[in-house]
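Participant: Data file my_file-v3.txt (compact mmCIF, C-alpha atoms) is appended below.
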```txt
# COMPACT_ATOMS: atom_id res chain seq x y z
CA MET A 2 84.82 90.78 54.07
CA GLY A 3 87.07 91.71 56.94
CA SER A 4 89.89 94.13 56.53
CA THR A 5 93.39 92.99 57.19
CA THR A 6 95.91 95.08 59.01
CA SER A 7 99.62 95.04 58.70
CA GLY A 8 102.29 96.11 61.07
CA PRO A 9 102.43 96.07 64.86
CA GLN A 10 99.14 96.38 66.67
CA PRO A 11 98.69 98.80 69.59
CA LYS A 12 96.82 96.23 71.70
CA PRO A 13 99.87 94.91 73.63
CA ARG A 14 100.61 98.52 74.56
CA GLY A 15 97.04 98.66 75.90
CA VAL A 16 97.85 95.83 78.30
CA LEU A 17 100.94 97.65 79.53
CA ARG A 18 98.96 100.87 79.81
CA ARG A 19 96.27 99.10 81.86
CA ARG A 20 98.90 97.70 84.23
CA ILE A 21 100.49 101.12 84.65
CA ASP A 22 97.06 102.67 85.29
CA LEU A 23 96.33 100.02 87.95
CA LEU A 24 99.70 100.66 89.61
CA VAL A 25 99.11 104.43 89.58
CA ARG A 26 95.69 103.93 91.20
CA GLU A 27 97.21 101.59 93.79
CA VAL A 28 99.95 104.08 94.63
CA ALA A 29 97.35 106.87 94.91
CA LYS A 30 95.17 104.81 97.26
CA PHE A 31 98.20 103.72 99.28
CA GLY A 32 99.24 107.37 99.47
CA ALA A 33 95.78 108.49 100.60
CA VAL A 34 95.69 105.94 103.42
CA GLY A 35 99.34 106.57 104.22
CA GLY A 36 98.80 110.33 104.27
CA ALA A 37 95.93 109.96 106.72
CA GLY A 38 98.10 107.54 108.73
CA LEU A 39 100.91 110.09 108.70
CA LEU A 40 98.59 112.71 110.20
CA VAL A 41 97.42 110.23 112.86
CA ASN A 42 101.04 109.27 113.60
CA LEU A 43 102.27 112.85 113.95
CA ALA A 44 99.20 113.98 115.91
CA VAL A 45 99.49 111.12 118.43
CA PHE A 46 103.28 111.62 118.63
CA ASN A 47 102.95 115.30 119.48
CA LEU A 48 100.02 114.72 121.82
CA VAL A 49 101.88 112.03 123.78
CA ARG A 50 105.14 113.97 123.72
CA HIS A 51 103.61 117.17 125.05
CA THR A 52 101.13 115.71 127.57
CA THR A 53 103.34 113.06 129.17
CA ASP A 54 106.87 112.75 130.44
CA LEU A 55 107.70 109.88 128.06
CA GLN A 56 110.96 110.00 126.17
CA VAL A 57 110.76 111.03 122.51
CA VAL A 58 111.29 107.59 121.00
CA ARG A 59 108.79 105.95 123.35
CA ALA A 60 106.18 108.55 122.39
CA SER A 61 107.02 107.84 118.76
CA VAL A 62 106.60 104.08 119.17
CA ILE A 63 103.14 104.60 120.69
CA ALA A 64 102.19 106.89 117.80
CA THR A 65 103.49 104.39 115.26
CA VAL A 66 101.46 101.55 116.79
CA VAL A 67 98.28 103.67 116.65
CA ALA A 68 99.03 104.56 113.01
CA ILE A 69 99.67 100.89 112.16
CA ALA A 70 96.20 99.96 113.43
CA PHE A 71 94.65 102.86 111.52
CA ASN A 72 96.53 101.95 108.34
CA TYR A 73 95.56 98.27 108.44
CA VAL A 74 91.89 99.20 108.35
CA GLY A 75 92.50 101.68 105.52
CA PHE A 76 94.61 99.30 103.46
CA ARG A 77 92.32 96.31 103.91
CA TYR A 78 89.04 98.11 103.24
CA PHE A 79 90.14 100.81 100.77
CA THR A 80 93.50 100.34 99.06
CA TYR A 81 93.50 96.54 98.79
CA ARG A 82 89.79 95.76 99.16
CA ASP A 83 89.82 93.76 95.93
CA ARG A 84 92.70 91.53 97.02
CA ASP A 85 92.54 88.00 98.41
CA LYS A 86 90.69 87.88 101.75
CA SER A 87 90.82 84.14 102.36
CA GLY A 88 93.73 84.07 104.82
CA ARG A 89 93.02 86.93 107.22
CA THR A 90 95.11 85.43 110.04
CA LYS A 91 98.12 85.06 107.77
CA GLU A 92 97.48 88.49 106.26
CA LEU A 93 97.32 90.18 109.66
CA SER A 94 100.40 88.29 110.89
CA LEU A 95 102.42 89.37 107.86
CA PHE A 96 101.08 92.91 108.13
CA LEU A 97 102.18 93.11 111.76
CA LEU A 98 105.58 91.57 110.96
CA PHE A 99 106.34 94.03 108.15
CA SER A 100 104.85 96.90 110.17
CA ALA A 101 107.19 96.02 113.04
CA VAL A 102 110.16 96.21 110.66
CA GLY A 103 108.83 99.58 109.46
CA LEU A 104 108.44 100.66 113.11
CA VAL A 105 112.12 99.85 113.76
CA VAL A 106 113.22 101.73 110.64
CA GLU A 107 111.00 104.73 111.37
CA ASN A 108 111.97 105.03 115.01
CA GLY A 109 115.60 104.11 114.36
CA VAL A 110 115.99 107.33 112.37
CA LEU A 111 114.45 109.32 115.24
CA TYR A 112 116.59 107.46 117.79
CA ALA A 113 119.80 108.22 115.85
CA ALA A 114 118.90 111.91 115.55
CA THR A 115 117.85 112.24 119.20
CA TYR A 116 120.48 110.19 121.00
CA GLY A 117 123.24 110.08 118.40
CA PHE A 118 123.27 113.76 117.47
CA GLY A 119 121.36 115.34 120.37
CA TRP A 120 118.68 116.82 118.10
CA ASP A 121 115.77 116.87 120.51
CA SER A 122 113.80 120.07 119.97
CA PRO A 123 110.14 119.62 119.01
CA LEU A 124 110.87 120.81 115.45
CA GLN A 125 113.88 118.50 115.06
CA SER A 126 111.94 115.56 116.48
CA ASN A 127 109.10 116.12 114.04
CA ILE A 128 111.49 116.44 111.10
CA PHE A 129 113.26 113.19 111.93
CA LYS A 130 110.00 111.45 112.77
CA PHE A 131 108.74 112.46 109.31
CA LEU A 132 112.00 111.38 107.65
CA GLY A 133 111.80 107.99 109.40
CA ILE A 134 108.20 107.56 108.24
CA ALA A 135 109.25 108.36 104.65
CA VAL A 136 112.02 105.76 104.63
CA ALA A 137 109.81 103.13 106.28
CA THR A 138 106.97 103.87 103.82
CA LEU A 139 109.04 102.70 100.87
CA PHE A 140 109.65 99.37 102.61
CA ARG A 141 106.03 99.07 103.69
CA PHE A 142 104.63 99.72 100.21
CA TRP A 143 106.83 97.02 98.70
CA SER A 144 106.20 94.47 101.45
CA TYR A 145 102.45 95.04 101.78
CA ARG A 146 101.73 94.73 98.06
CA THR A 147 104.15 91.82 97.59
CA TRP A 148 103.48 89.71 100.66
CA VAL A 149 100.49 90.91 102.68
CA PHE A 150 97.73 92.03 100.32
CA ARG A 151 98.42 89.65 97.46
CA ALA A 152 96.51 89.85 94.22
CA LEU A 153 93.97 87.15 93.64
CA PRO A 154 95.41 84.40 91.43
CA ALA A 155 92.22 84.40 89.34
CA ARG A 156 92.56 88.11 88.62
CA GLU A 157 96.13 87.61 87.43
CA ALA A 158 95.01 84.67 85.29
CA VAL A 159 92.21 86.72 83.75
CA ALA A 160 94.58 89.59 82.99
CA SER A 161 97.04 87.15 81.43
CA ALA A 162 94.30 85.49 79.38
CA GLU A 163 93.00 88.86 78.21
CA SER A 164 96.45 89.93 77.05
CA PHE A 165 96.87 86.57 75.28
CA LEU A 166 93.51 86.94 73.57
CA GLU A 167 94.26 90.53 72.58
CA ALA A 168 97.62 89.49 71.14
CA GLY A 169 95.95 86.55 69.37
CA ALA A 170 93.29 88.79 67.87
CA ALA A 171 95.99 91.04 66.46
CA HIS A 172 97.64 88.09 64.69
CA PRO A 173 94.97 85.48 63.84
CA PRO A 174 96.30 82.05 62.84
CA ALA A 175 96.40 81.38 59.12
CA LEU A 176 94.05 78.70 57.81
CA THR A 177 95.70 75.86 55.98
CA ALA A 178 94.44 73.99 52.98
CA GLY A 179 94.18 70.84 55.08
CA GLY A 180 91.45 72.31 57.29
CA PRO A 181 91.38 72.90 61.00
CA GLY A 182 93.86 70.94 63.05
CA LYS A 183 96.10 70.01 60.14
CA ARG A 184 99.52 71.45 59.66
CA SER A 185 100.59 72.76 56.29
CA ASP A 186 102.80 69.69 55.83
CA GLY A 187 99.75 67.40 56.22
CA ARG A 188 100.51 66.13 59.75
CA ARG A 189 98.22 66.72 62.71
```
Let me see the structure of the file written as structure tokens.

Facilitator:
Amino acid sequence: MGSTTSGPQPKPRGVLRRRIDLLVREVAKFGAVGGAGLLVNLAVFNLVRHTTDLQVVRASVIATVVAIAFNYVGFRYFTYRDRDKSGRTKELSLFLLFSAVGLVVENGVLYAATYGFGWDSPLQSNIFKFLGIAVATLFRFWSYRTWVFRALPAREAVASAESFLEAGAAHPPALTAGGPGKRSDGRR
């Protein structure tokens, strides 16, 4: 004989917990790739700034483009390797579009600090470069996970089915006297 349980079951909480765990892992992987991309971005920025006569924002744009290429490889093959890979052309196009918006945000902050306020020392440039990257990263995380590296529809369907089955197991349907398929009022 099976035991019956009463009261709310913890299984739906398990589904929420699993989703939170997946989001935490995704944020950690995004952060790892983004952190490496940040180092590439700042290293290229300082290298170009100190070895050429390019203006600060132009050096920053070059660094951002190099970091975008680096990040695409990291996001595609590490952070979002389990996501849909069927439309690479569309994926890359969207990635470049949203990266370009991030580039404008990132370098807009540096531009405003440099040409709007005259803050052009190497330390000030690095601070505002970093601040611009931080603001642009919030936009990039949202846009990449929402539009570029989309979850596979089958994976979402499986997760939904699993949560449905878990919820169904917690509250099994009552058997009626009329047998399977019959309602308690006798109708099918």

Participant: One number please: atom CA of Gly36 of chain A to atom CA of Arg18 of chain A, in Å, one decimal.

Facilitator: 26.2 Å

Participant: So what do you get for atom CA of Gly133 of chain A versus atom CA of Val58 of chain A, distance-wise?

Facilitator: 11.6 Å

Participant: For Arg77 of chain A, please output as a ChimeraX atom specification all residues within 12 Å (counting all atoms listed in the file; exclusion window: fewer than 5 positions along the same chain).

Facilitator: /A:30-31,34,69-72,82-86,89,92-93,96,145-146,149-151

Participant: Have a look at A:Thr53, A:Thr147, A:Ser100, A:Gln125 and name the one nearest to Val66 of chain A; count only C-alpha atoms.

Facilitator: A:Ser100

Participant: For each of A:Trp148, A:Tyr78, A:Phe99, A:Phe131, take the minimum atom-to-atom distance to Leu111 of chain A, counting all atoms listed in the file, then give the residue where this is smallest.

Facilitator: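 The closest residue to Leu111 of chain A is A:Phe131.
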
Participant: Select, counting only C-alpha atoms, all protein, DNA and RNA residues no farther than 9 Å from (111.4, 107.1, 107.2) in file coordinates, and express the selection as a list in words.

Facilitator: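 Applying the cut-off with only C-alpha atoms, one gets Gly103, Val106, Glu107, Asn108, Gly109, Val110, Leu111, Phe129, Lys130, Phe131, Leu132, Gly133, Ile134, Ala135, Val136, Ala137, Thr138 and Leu139 of chain A.
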
Participant: Just the residues within 9 Å of Val41 of chain A, please, counting all atoms listed in the file, with nothing from its chain fewer than 6 positions along; format it as a ChimeraX atom specification.

Facilitator: /A:64-65,67-68,71

Participant: Looking at A:Arg59, A:Lys91, A:Arg20, A:Arg141, which one is nearest to Thr115 of chain A, with distances taken over all atoms listed in the file?

Facilitator: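 Using all atoms listed in the file, Thr115 of chain A sits closest to A:Arg59.
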
Participant: Taking only C-alpha atoms into account, name the residue in A:Leu39, A:Val57, A:Ala44, A:Leu97 that is nearest to Ser126 of chain A.

Facilitator: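 Going through A:Leu39, A:Val57, A:Ala44, A:Leu97 one by one, the smallest distance to Ser126 of chain A is for A:Val57.
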
Participant: In terms of the shortest atom-to-atom distance over all atoms listed in the file, which of A:Val45, A:Ala152, A:Asp54, A:Gly75 is closest to Ala33 of chain A?

Facilitator: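 Between A:Val45, A:Ala152, A:Asp54, A:Gly75, the residue approaching Ala33 of chain A most closely is A:Gly75.
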
Participant: To one decimal place, how far is atom CA of Val25 of chain A from atom CA of Tyr81 of chain A in Å?

Facilitator: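 The value is 13.4 Å.
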
Participant: Around (106.3, 122.9, 117.2) in the file's own coordinates, what residues are found within 12 Å if you use only C-alpha atoms, given back as a tab-separated table (two decimals) with C-alpha atoms, in the frame of the given file?

Facilitator:
```
chain	number	residue	atom	x	y	z
A	43	LEU	CA	102.27	112.85	113.95
A	44	ALA	CA	99.20	113.98	115.91
A	46	PHE	CA	103.28	111.62	118.63
A	47	ASN	CA	102.95	115.30	119.48
A	48	LEU	CA	100.02	114.72	121.82
A	50	ARG	CA	105.14	113.97	123.72
A	51	HIS	CA	103.61	117.17	125.05
A	121	ASP	CA	115.77	116.87	120.51
A	122	SER	CA	113.80	120.07	119.97
A	123	PRO	CA	110.14	119.62	119.01
A	124	LEU	CA	110.87	120.81	115.45
A	125	GLN	CA	113.88	118.50	115.06
A	126	SER	CA	111.94	115.56	116.48
A	127	ASN	CA	109.10	116.12	114.04
A	128	ILE	CA	111.49	116.44	111.10
```

Participant: Extending 6 Å beyond the listed atoms of segment 106-116 of chain A on each side, what axis-aligned box results? I want centre and edge lengths in Å to one decimal, as AutoDock Vina command-line options.

Facilitator:
```
--center_x 115.7 --center_y 107.0 --center_z 115.8 --size_x 21.5 --size_y 22.5 --size_z 22.4
```
